[in-house]
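For reference, final_25.cif is printed below; it contains mmCIF, C-alpha atoms.
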data_upload
#
loop_
_atom_site.label_atom_id
_atom_site.label_comp_id
_atom_site.auth_asym_id
_atom_site.auth_seq_id
_atom_site.Cartn_x
_atom_site.Cartn_y
_atom_site.Cartn_z
CA MET A 203 103.05 111.83 70.45
CA ALA A 204 99.50 112.77 71.43
CA LEU A 205 99.09 116.42 72.29
CA GLN A 206 97.85 117.42 75.73
CA GLY A 207 94.08 118.04 75.72
CA VAL A 208 93.57 116.63 72.18
CA GLU A 209 91.20 113.67 71.82
CA GLN A 210 93.09 110.74 70.31
CA THR A 211 91.23 108.58 67.79
CA ILE A 212 92.26 105.30 66.19
CA LEU A 213 90.83 104.01 62.92
CA ARG A 214 89.75 100.49 63.76
CA ASP A 215 87.06 98.01 62.81
CA SER A 216 84.02 98.29 65.07
CA ALA A 217 83.52 94.51 64.79
CA LEU A 218 86.57 93.98 67.00
CA PHE A 219 84.39 94.99 69.93
CA TYR A 220 82.03 92.06 69.26
CA TRP A 221 84.49 89.46 67.96
CA ILE A 222 87.12 89.90 70.69
CA LEU A 223 85.62 91.50 73.80
CA PHE A 224 82.47 89.36 73.98
CA PRO A 225 84.20 86.00 73.23
CA ILE A 226 86.89 86.59 75.87
CA THR A 227 84.30 87.57 78.50
CA ILE A 228 81.95 84.68 77.72
CA VAL A 229 84.76 82.11 77.62
CA MET A 230 86.09 83.27 80.97
CA ILE A 231 82.62 83.10 82.56
CA LEU A 232 82.02 79.60 81.21
CA THR A 233 85.51 78.51 82.26
CA GLY A 234 84.91 79.77 85.78
CA ILE A 235 81.62 77.87 86.01
CA LEU A 236 83.24 74.66 84.71
CA ARG A 237 86.15 75.11 87.12
CA HIS A 238 83.71 75.45 90.00
CA TYR A 239 81.84 72.22 89.21
CA ALA A 240 85.04 70.32 88.40
CA THR A 241 86.51 71.39 91.73
CA VAL A 242 83.34 70.30 93.55
CA LEU A 243 83.46 66.87 91.86
CA MET A 244 87.17 66.35 92.52
CA ASN A 245 87.18 67.75 96.04
CA THR A 246 87.36 65.26 98.88
CA PRO A 247 85.65 66.38 102.10
CA PRO A 248 87.99 66.71 105.08
CA LYS A 249 87.92 63.81 107.49
CA PRO A 250 86.48 64.48 110.94
CA ALA A 251 88.53 63.97 114.06
CA SER A 252 89.02 60.31 114.90
CA THR A 253 89.37 60.77 118.67
CA LEU A 254 87.99 63.11 121.31
CA ALA A 255 91.47 64.50 122.04
CA GLU A 256 92.02 65.36 118.37
CA SER A 257 88.62 67.07 118.18
CA CYS A 258 89.44 69.09 121.31
CA GLU A 259 92.79 70.09 119.78
CA ARG A 260 91.12 71.43 116.64
CA LEU A 261 88.20 73.19 118.31
CA SER A 262 90.40 74.84 120.93
CA LEU A 263 92.23 76.85 118.29
CA LEU A 264 88.97 77.79 116.56
CA ARG A 265 87.57 78.87 119.91
CA GLY A 266 90.42 81.32 120.37
CA VAL A 267 89.95 82.70 116.86
CA ASN A 268 86.21 83.18 117.41
CA LEU A 269 86.79 84.83 120.78
CA ARG A 270 89.28 87.26 119.29
CA ASN A 271 87.09 88.15 116.29
CA ASN A 272 83.56 88.19 117.68
CA ALA A 273 83.25 87.87 121.45
CA PRO A 274 84.59 91.27 122.62
CA ALA A 275 81.65 93.06 121.02
CA VAL A 276 79.01 91.24 123.10
CA LEU A 277 80.78 90.06 126.26
CA SER A 278 81.42 92.16 129.31
CA LYS A 279 85.02 92.88 130.24
CA GLU A 280 84.95 90.41 133.14
CA ALA A 281 83.53 87.60 131.01
CA PHE A 282 85.96 88.31 128.19
CA ASP A 283 88.98 88.43 130.50
CA MET A 284 87.96 85.14 132.12
CA ARG A 285 87.72 83.35 128.77
CA LYS A 286 90.89 84.97 127.48
CA ASN A 287 92.95 83.98 130.52
CA TYR A 288 91.66 80.42 130.34
CA LEU A 289 92.56 80.03 126.66
CA VAL A 290 95.93 81.80 126.93
CA SER A 291 97.01 79.63 129.85
CA GLY A 292 95.84 76.51 128.04
CA TYR A 293 97.70 77.49 124.88
CA GLN A 294 100.91 78.25 126.74
CA ASN A 295 101.04 75.09 128.87
CA GLY A 296 99.83 72.75 126.12
CA ALA A 297 96.65 71.65 127.89
CA PHE A 298 94.70 71.40 124.61
CA LEU A 299 97.24 69.24 122.77
CA LYS A 300 96.16 65.68 122.07
CA ASP A 301 99.69 64.56 122.94
CA PRO A 302 101.29 67.04 125.40
CA SER A 303 104.50 64.98 125.45
CA SER A 304 105.17 65.94 121.82
CA ARG A 305 105.82 69.61 122.66
CA GLY A 306 109.15 70.83 121.35
CA GLN A 307 109.51 67.98 118.89
CA PRO A 308 109.56 68.60 115.12
CA PRO A 309 106.26 67.94 113.34
CA ALA A 310 105.74 64.60 111.67
CA ASN A 311 106.67 64.23 108.04
CA PRO A 312 103.46 64.72 106.00
CA MET A 313 104.81 62.32 103.37
CA THR A 314 104.46 59.45 105.81
CA ASP A 315 100.99 60.45 107.05
CA PRO A 316 98.05 59.25 104.89
CA ALA A 317 95.94 62.21 106.01
CA GLY A 318 98.76 64.59 105.14
CA MET A 319 99.22 63.01 101.73
CA GLU A 320 95.50 63.33 101.05
CA ALA A 321 95.50 67.00 102.07
CA MET A 322 98.50 67.70 99.85
CA MET A 323 96.78 65.99 96.93
CA GLY A 324 93.70 68.13 97.53
CA MET A 325 95.76 71.33 97.47
CA MET A 326 97.51 70.14 94.31
CA LYS A 327 94.16 69.49 92.62
CA GLY A 328 92.97 72.97 93.54
CA ASN A 329 96.12 74.58 92.17
CA MET A 330 95.88 72.60 88.95
CA MET A 331 92.23 73.60 88.50
CA MET A 332 93.31 77.23 88.75
CA MET A 333 96.50 77.11 86.66
CA ILE A 334 95.45 74.95 83.71
CA PRO A 335 92.41 77.04 82.60
CA GLN A 336 94.38 80.28 82.98
CA THR A 337 97.25 78.92 80.88
CA LEU A 338 94.91 77.69 78.14
CA ILE A 339 92.93 80.93 77.96
CA MET A 340 96.08 83.07 77.88
CA SER A 341 97.55 80.89 75.12
CA TRP A 342 94.29 81.18 73.16
CA ILE A 343 94.28 84.97 73.47
CA ASN A 344 97.95 85.26 72.49
CA ALA A 345 97.38 83.02 69.45
CA PHE A 346 94.25 84.69 68.05
CA PHE A 347 93.83 88.14 69.61
CA SER A 348 97.34 89.37 70.31
CA GLY A 349 98.04 93.00 69.45
CA PHE A 350 94.41 94.17 69.18
CA VAL A 351 93.04 97.31 70.80
CA ILE A 352 89.39 96.60 71.55
CA LEU A 353 87.89 99.52 73.49
CA LYS A 354 88.53 102.93 74.98
CA LEU A 355 87.55 103.77 78.53
CA PRO A 356 85.22 106.81 78.85
CA PHE A 357 87.08 108.33 81.82
CA PRO A 358 90.62 109.72 82.12
CA LEU A 359 93.42 107.80 83.81
CA THR A 360 96.97 108.52 84.86
CA ILE A 361 99.99 107.16 83.04
CA ARG A 362 100.55 104.56 85.76
CA PHE A 363 97.65 102.50 84.35
CA LYS A 364 99.31 102.21 80.94
CA SER A 365 101.20 98.99 81.68
CA MET A 366 98.07 97.40 83.14
CA LEU A 367 95.67 98.33 80.33
CA GLN A 368 97.92 97.97 77.27
CA SER A 369 99.73 94.65 77.72
CA GLY A 370 101.05 93.46 74.37
CA VAL A 371 100.50 96.76 72.50
CA MET A 372 102.00 99.32 74.87
CA THR A 373 103.52 102.21 72.92
CA ARG A 374 104.65 105.63 74.02
CA ASP A 375 102.10 107.58 71.93
CA LEU A 376 98.96 105.54 72.66
CA ASP A 377 96.45 107.10 75.02
CA VAL A 378 96.29 105.35 78.37
CA ARG A 379 92.53 104.85 78.08
CA TRP A 380 92.83 102.32 75.25
CA VAL A 381 92.58 98.68 76.43
CA SER A 382 94.25 95.75 74.68
CA SER A 383 92.83 92.24 74.38
CA LEU A 384 95.38 90.73 76.77
CA SER A 385 94.71 93.41 79.37
CA TRP A 386 90.98 92.74 79.03
CA TYR A 387 91.72 89.16 80.08
CA PHE A 388 93.50 90.33 83.25
CA LEU A 389 90.70 92.77 84.05
CA ASN A 390 88.12 89.98 83.74
CA LEU A 391 90.28 87.66 85.83
CA PHE A 392 89.65 89.83 88.89
CA GLY A 393 86.52 91.70 87.83
CA LEU A 394 84.27 88.67 87.30
CA GLN A 395 84.32 87.62 90.95
CA SER A 396 81.00 89.37 91.62
CA VAL A 397 79.49 87.65 88.56
CA PHE A 398 80.58 84.24 89.84
CA GLY A 399 79.20 85.13 93.26
CA PHE A 400 75.83 85.98 91.69
CA ILE A 401 75.67 82.83 89.56
CA LEU A 402 77.29 80.26 91.86
CA GLY A 403 76.94 81.82 95.30
CA SER A 404 79.46 83.46 97.57
CA ASP A 405 81.21 80.19 98.46
CA ASN A 406 82.31 79.08 95.00
CA ALA A 407 85.46 77.53 93.62
CA ALA A 408 85.60 80.01 90.72
CA ASN A 409 86.39 82.88 93.08
CA GLN A 410 90.18 82.76 93.29
CA MET A 411 90.49 85.51 95.88
CA SER A 412 88.15 83.76 98.30
CA GLN A 413 90.08 80.51 97.87
CA GLN A 414 93.34 82.24 98.73
CA MET A 415 91.80 83.95 101.75
CA ALA A 416 90.27 80.67 102.92
CA GLY A 417 93.71 79.10 102.89
CA MET A 418 94.99 81.92 105.14
CA ASN A 419 92.05 81.74 107.57
CA PRO A 420 92.43 78.89 110.08
CA ALA A 421 88.73 78.93 110.90
CA ALA A 422 87.73 78.32 107.28
CA GLY A 423 88.11 74.54 107.34
CA VAL A 424 87.25 71.63 109.59
CA ASN A 425 90.92 70.98 110.38
CA PRO A 426 92.92 74.19 110.99
CA PHE A 427 96.20 72.25 111.15
CA GLN A 428 97.68 71.72 107.72
CA PRO A 429 100.16 68.90 107.00
CA GLY A 430 103.57 69.62 108.49
CA GLN A 431 102.33 72.31 110.90
CA ASP A 432 103.09 72.26 114.61
CA PRO A 433 99.89 72.74 116.67
CA ASP A 434 101.90 74.04 119.62
CA LYS A 435 103.35 76.90 117.54
CA LEU A 436 99.86 77.83 116.33
CA TYR A 437 98.68 77.84 119.93
CA GLN A 438 101.53 80.13 120.98
CA SER A 439 100.78 82.49 118.11
CA GLU A 440 97.08 82.59 118.98
CA ALA A 441 97.93 83.22 122.64
CA GLU A 442 99.96 86.28 121.62
CA ASN A 443 97.06 87.49 119.47
CA LEU A 444 94.62 87.16 122.35
CA GLU A 445 96.89 88.99 124.79
CA VAL A 446 96.96 92.13 122.66
CA VAL A 447 93.20 92.25 121.98
CA GLU A 448 91.56 95.36 123.41
CA HIS A 449 88.11 94.82 124.85
CA PHE A 450 85.13 96.79 123.69
CA CYS A 451 81.41 96.12 124.08
CA ILE A 452 78.50 97.48 122.09
CA LEU A 453 76.45 97.53 125.31
CA ASP A 454 78.76 100.00 127.07
CA GLY A 455 76.82 103.16 127.88
CA ILE A 456 73.61 101.83 126.36
CA GLU A 457 71.49 103.31 129.13
CA ASP A 458 72.78 106.82 128.44
CA ARG A 459 72.23 106.37 124.69
CA ILE A 460 68.64 105.21 125.19
CA LEU A 461 67.85 108.09 127.53
CA HIS A 462 69.46 110.55 125.12
CA ASN A 463 67.35 109.24 122.22
CA ILE A 464 64.16 109.43 124.28
CA ALA A 465 64.95 112.97 125.39
CA SER A 466 65.70 114.08 121.82
CA LYS A 467 62.39 112.61 120.56
CA GLU A 468 60.46 114.32 123.35
CA SER A 469 62.11 117.65 122.57
CA LEU A 470 61.15 117.31 118.88
CA ALA A 471 57.59 116.44 119.79
#

Reformat the file's structure so that it appears as structure tokens.
Amino acid sequence: MALQGVEQTILRDSALFYWILFPITIVMILTGILRHYATVLMNTPPKPASTLAESCERLSLLRGVNLRNNAPAVLSKEAFDMRKNYLVSGYQNGAFLKDPSSRGQPPANPMTDPAGMEAMMGMMKGNMMMMIPQTLIMSWINAFFSGFVILKLPFPLTIRFKSMLQSGVMTRDLDVRWVSSLSWYFLNLFGLQSVFGFILGSDNAANQMSQQMAGMNPAAGVNPFQPGQDPDKLYQSEAENLEVVEHFCILDGIEDRILHNIASKESLA
């Protein structure tokens, strides 16, 4: 076991740094770029609303989300309360539904809806474009680079990082700062997001975290209602979110702040 305070060294070939670390990093960058363009080619744009009532149903939910996230900072309390009360009452009584008579009924089966089937196929394509490259790269690393220790981090870490940095070669005596080839793959899996953002832009299909967050954000797509979802339940949930929002405005007390800044500048002069 390594002694406390003693620098641990491992006799290893320096070429491992170039023949393992660089190939894994380059392959993952190229795979992310190919995944982005393949997703763009295979992606089908969402269909716009076919009727005015359906468009109103979609935009009404997005209007509540935008009011909750952005409007309190610029609207006065009276204006915000007026908009909030209007949306909350509309959500609760079903005024924005394209078919108010369908309240309380179970949602339609997405398997019988062509639009639902198309949306499910799009989600399946996106999942396949994420899973297949990861499986192939992990299999390639396990076949050719399994069991290698490729670099040592220049800063100390606690023992809790050992399982994350030494996958495949974790031993009791090995210093926690040594990184295995398989762990380097996992570090690149989440650490290359800024590289993909620089090469492909912020809205890219190679960024897995942004794709997952976009699926959780109802305002991210044209149609916030996914197949099998009940619009009335989403309305009720958004009404509860709006009711608990606390108003604040960046213009509150702006006169006093301006006068205070002018007085402080005059005193310095």

Report, as AutoDock Vina command-line options, the centre and edge lengths in Å (one decimal) of the axis-aligned box enclosing every listed atom of segment 241-245 of chain A, padded by 3 Å on each side.
--center_x 85.3 --center_y 68.9 --center_z 93.9 --size_x 9.8 --size_y 11.0 --size_z 10.3

Legend entry - Residue with smallest distance to Ala217 of chain A - pool A:Ile456, A:Thr241, A:Thr360, A:Phe350, counting only C-alpha atoms: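 Residue with the minimum atom-to-atom distance to Ala217 of chain A: A:Phe350.
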
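If you measure from each of A:Ile339, A:Val371, A:Ile452, A:Met366 to Ile228 of chain A using only C-alpha atoms, the closest one turns out to be A:Ile339.
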
Inset, instruction - Translate the PyMOL selection byres ((chain A and resi 437-451) around 9), as applied to the file shown, into an explicit residue set as a PyMOL selection string. - result: chain A and resi 262-263+266-267+269-270+273-279+282-283+286-287+289-294+296+298+432-436+452-454

Inset, instruction - Please indicate the distance in Å from atom CA of Cys258 of chain A to atom CA of Arg285 of chain A, rounded to one decimal place. - result: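 Separation between atom CA of Cys258 of chain A and atom CA of Arg285 of chain A: 16.2 Å.
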
Inset, instruction - Could you tell me which residues the PyMOL selection byres ((chain A and resi 247-257) around 8) grabs in this file, written as a PyMOL selection string? - result: chain A and resi 245-246+258-261+299-300+424-425

Inset, instruction - Enter the distance from atom CA of Arg214 of chain A to atom CA of Leu353 of chain A, in Å, rounded to one decimal. - result: 10.0 Å

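For the residues A:Asn329, A:Pro335, A:Lys364, A:Glu457, ranking by smallest atom-to-atom distance to Leu376 of chain A using all atoms listed in the file places A:Lys364 first.
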
Legend entry - d(atom CA of Gln368 of chain A, atom CA of Val381 of chain A) in Å: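 Going from atom CA of Gln368 of chain A over to atom CA of Val381 of chain A, I get 5.5 Å.
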
Legend entry - Minimum-distance residue to Phe346 of chain A, chosen among A:Asn390, A:Ile222, A:Asp215, A:Ile334 (using all atoms listed in the file):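 Of A:Asn390, A:Ile222, A:Asp215, A:Ile334, the one nearest Phe346 of chain A, counting all atoms listed in the file, is A:Ile222.
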
Could you model N, CA and C atoms for segment 236-257 of chain A and present them as a PDB file, keeping the file's coordinate frame?
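What ended up in rebuild_16.pdb:
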ATOM      1  N   LEU A 236      82.749  76.040  84.832  1.00  0.00           N
ATOM      2  CA  LEU A 236      83.240  74.660  84.710  1.00  0.00           C
ATOM      3  C   LEU A 236      84.288  74.357  85.775  1.00  0.00           C
ATOM      4  N   ARG A 237      85.149  75.324  86.075  1.00  0.00           N
ATOM      5  CA  ARG A 237      86.150  75.110  87.120  1.00  0.00           C
ATOM      6  C   ARG A 237      85.489  74.897  88.476  1.00  0.00           C
ATOM      7  N   HIS A 238      84.413  75.618  88.734  1.00  0.00           N
ATOM      8  CA  HIS A 238      83.710  75.450  90.000  1.00  0.00           C
ATOM      9  C   HIS A 238      83.164  74.029  90.145  1.00  0.00           C
ATOM     10  N   TYR A 239      82.447  73.557  89.113  1.00  0.00           N
ATOM     11  CA  TYR A 239      81.840  72.220  89.210  1.00  0.00           C
ATOM     12  C   TYR A 239      82.884  71.113  89.157  1.00  0.00           C
ATOM     13  N   ALA A 240      83.967  71.326  88.408  1.00  0.00           N
ATOM     14  CA  ALA A 240      85.040  70.320  88.400  1.00  0.00           C
ATOM     15  C   ALA A 240      85.719  70.240  89.752  1.00  0.00           C
ATOM     16  N   THR A 241      85.901  71.389  90.398  1.00  0.00           N
ATOM     17  CA  THR A 241      86.510  71.390  91.730  1.00  0.00           C
ATOM     18  C   THR A 241      85.597  70.714  92.746  1.00  0.00           C
ATOM     19  N   VAL A 242      84.288  70.943  92.630  1.00  0.00           N
ATOM     20  CA  VAL A 242      83.340  70.300  93.550  1.00  0.00           C
ATOM     21  C   VAL A 242      83.364  68.788  93.370  1.00  0.00           C
ATOM     22  N   LEU A 243      83.452  68.311  92.104  1.00  0.00           N
ATOM     23  CA  LEU A 243      83.460  66.870  91.860  1.00  0.00           C
ATOM     24  C   LEU A 243      84.763  66.225  92.327  1.00  0.00           C
ATOM     25  N   MET A 244      85.881  66.922  92.166  1.00  0.00           N
ATOM     26  CA  MET A 244      87.170  66.350  92.520  1.00  0.00           C
ATOM     27  C   MET A 244      87.545  66.558  93.979  1.00  0.00           C
ATOM     28  N   ASN A 245      86.834  67.444  94.660  1.00  0.00           N
ATOM     29  CA  ASN A 245      87.180  67.750  96.040  1.00  0.00           C
ATOM     30  C   ASN A 245      86.773  66.618  96.965  1.00  0.00           C
ATOM     31  N   THR A 246      87.651  66.276  97.874  1.00  0.00           N
ATOM     32  CA  THR A 246      87.360  65.260  98.880  1.00  0.00           C
ATOM     33  C   THR A 246      87.092  65.956 100.202  1.00  0.00           C
ATOM     34  N   PRO A 247      85.963  65.696 100.838  1.00  0.00           N
ATOM     35  CA  PRO A 247      85.650  66.380 102.100  1.00  0.00           C
ATOM     36  C   PRO A 247      86.667  66.034 103.171  1.00  0.00           C
ATOM     37  N   PRO A 248      87.018  66.998 104.021  1.00  0.00           N
ATOM     38  CA  PRO A 248      87.990  66.710 105.080  1.00  0.00           C
ATOM     39  C   PRO A 248      87.442  65.690 106.065  1.00  0.00           C
ATOM     40  N   LYS A 249      88.333  64.848 106.555  1.00  0.00           N
ATOM     41  CA  LYS A 249      87.920  63.810 107.490  1.00  0.00           C
ATOM     42  C   LYS A 249      87.720  64.414 108.874  1.00  0.00           C
ATOM     43  N   PRO A 250      86.680  63.984 109.567  1.00  0.00           N
ATOM     44  CA  PRO A 250      86.480  64.480 110.940  1.00  0.00           C
ATOM     45  C   PRO A 250      87.519  63.898 111.880  1.00  0.00           C
ATOM     46  N   ALA A 251      87.575  64.451 113.064  1.00  0.00           N
ATOM     47  CA  ALA A 251      88.530  63.970 114.060  1.00  0.00           C
ATOM     48  C   ALA A 251      88.199  62.535 114.458  1.00  0.00           C
ATOM     49  N   SER A 252      89.228  61.721 114.573  1.00  0.00           N
ATOM     50  CA  SER A 252      89.020  60.310 114.900  1.00  0.00           C
ATOM     51  C   SER A 252      88.879  60.065 116.390  1.00  0.00           C
ATOM     52  N   THR A 253      89.440  60.930 117.218  1.00  0.00           N
ATOM     53  CA  THR A 253      89.370  60.770 118.670  1.00  0.00           C
ATOM     54  C   THR A 253      88.869  62.051 119.313  1.00  0.00           C
ATOM     55  N   LEU A 254      88.459  61.941 120.565  1.00  0.00           N
ATOM     56  CA  LEU A 254      87.990  63.110 121.310  1.00  0.00           C
ATOM     57  C   LEU A 254      89.110  64.099 121.550  1.00  0.00           C
ATOM     58  N   ALA A 255      90.332  63.609 121.802  1.00  0.00           N
ATOM     59  CA  ALA A 255      91.470  64.500 122.040  1.00  0.00           C
ATOM     60  C   ALA A 255      91.815  65.289 120.780  1.00  0.00           C
ATOM     61  N   GLU A 256      91.728  64.656 119.619  1.00  0.00           N
ATOM     62  CA  GLU A 256      92.020  65.360 118.370  1.00  0.00           C
ATOM     63  C   GLU A 256      90.954  66.409 118.078  1.00  0.00           C
ATOM     64  N   SER A 257      89.687  66.084 118.364  1.00  0.00           N
ATOM     65  CA  SER A 257      88.620  67.070 118.180  1.00  0.00           C
ATOM     66  C   SER A 257      88.807  68.256 119.116  1.00  0.00           C
TER      67      SER A 257
END
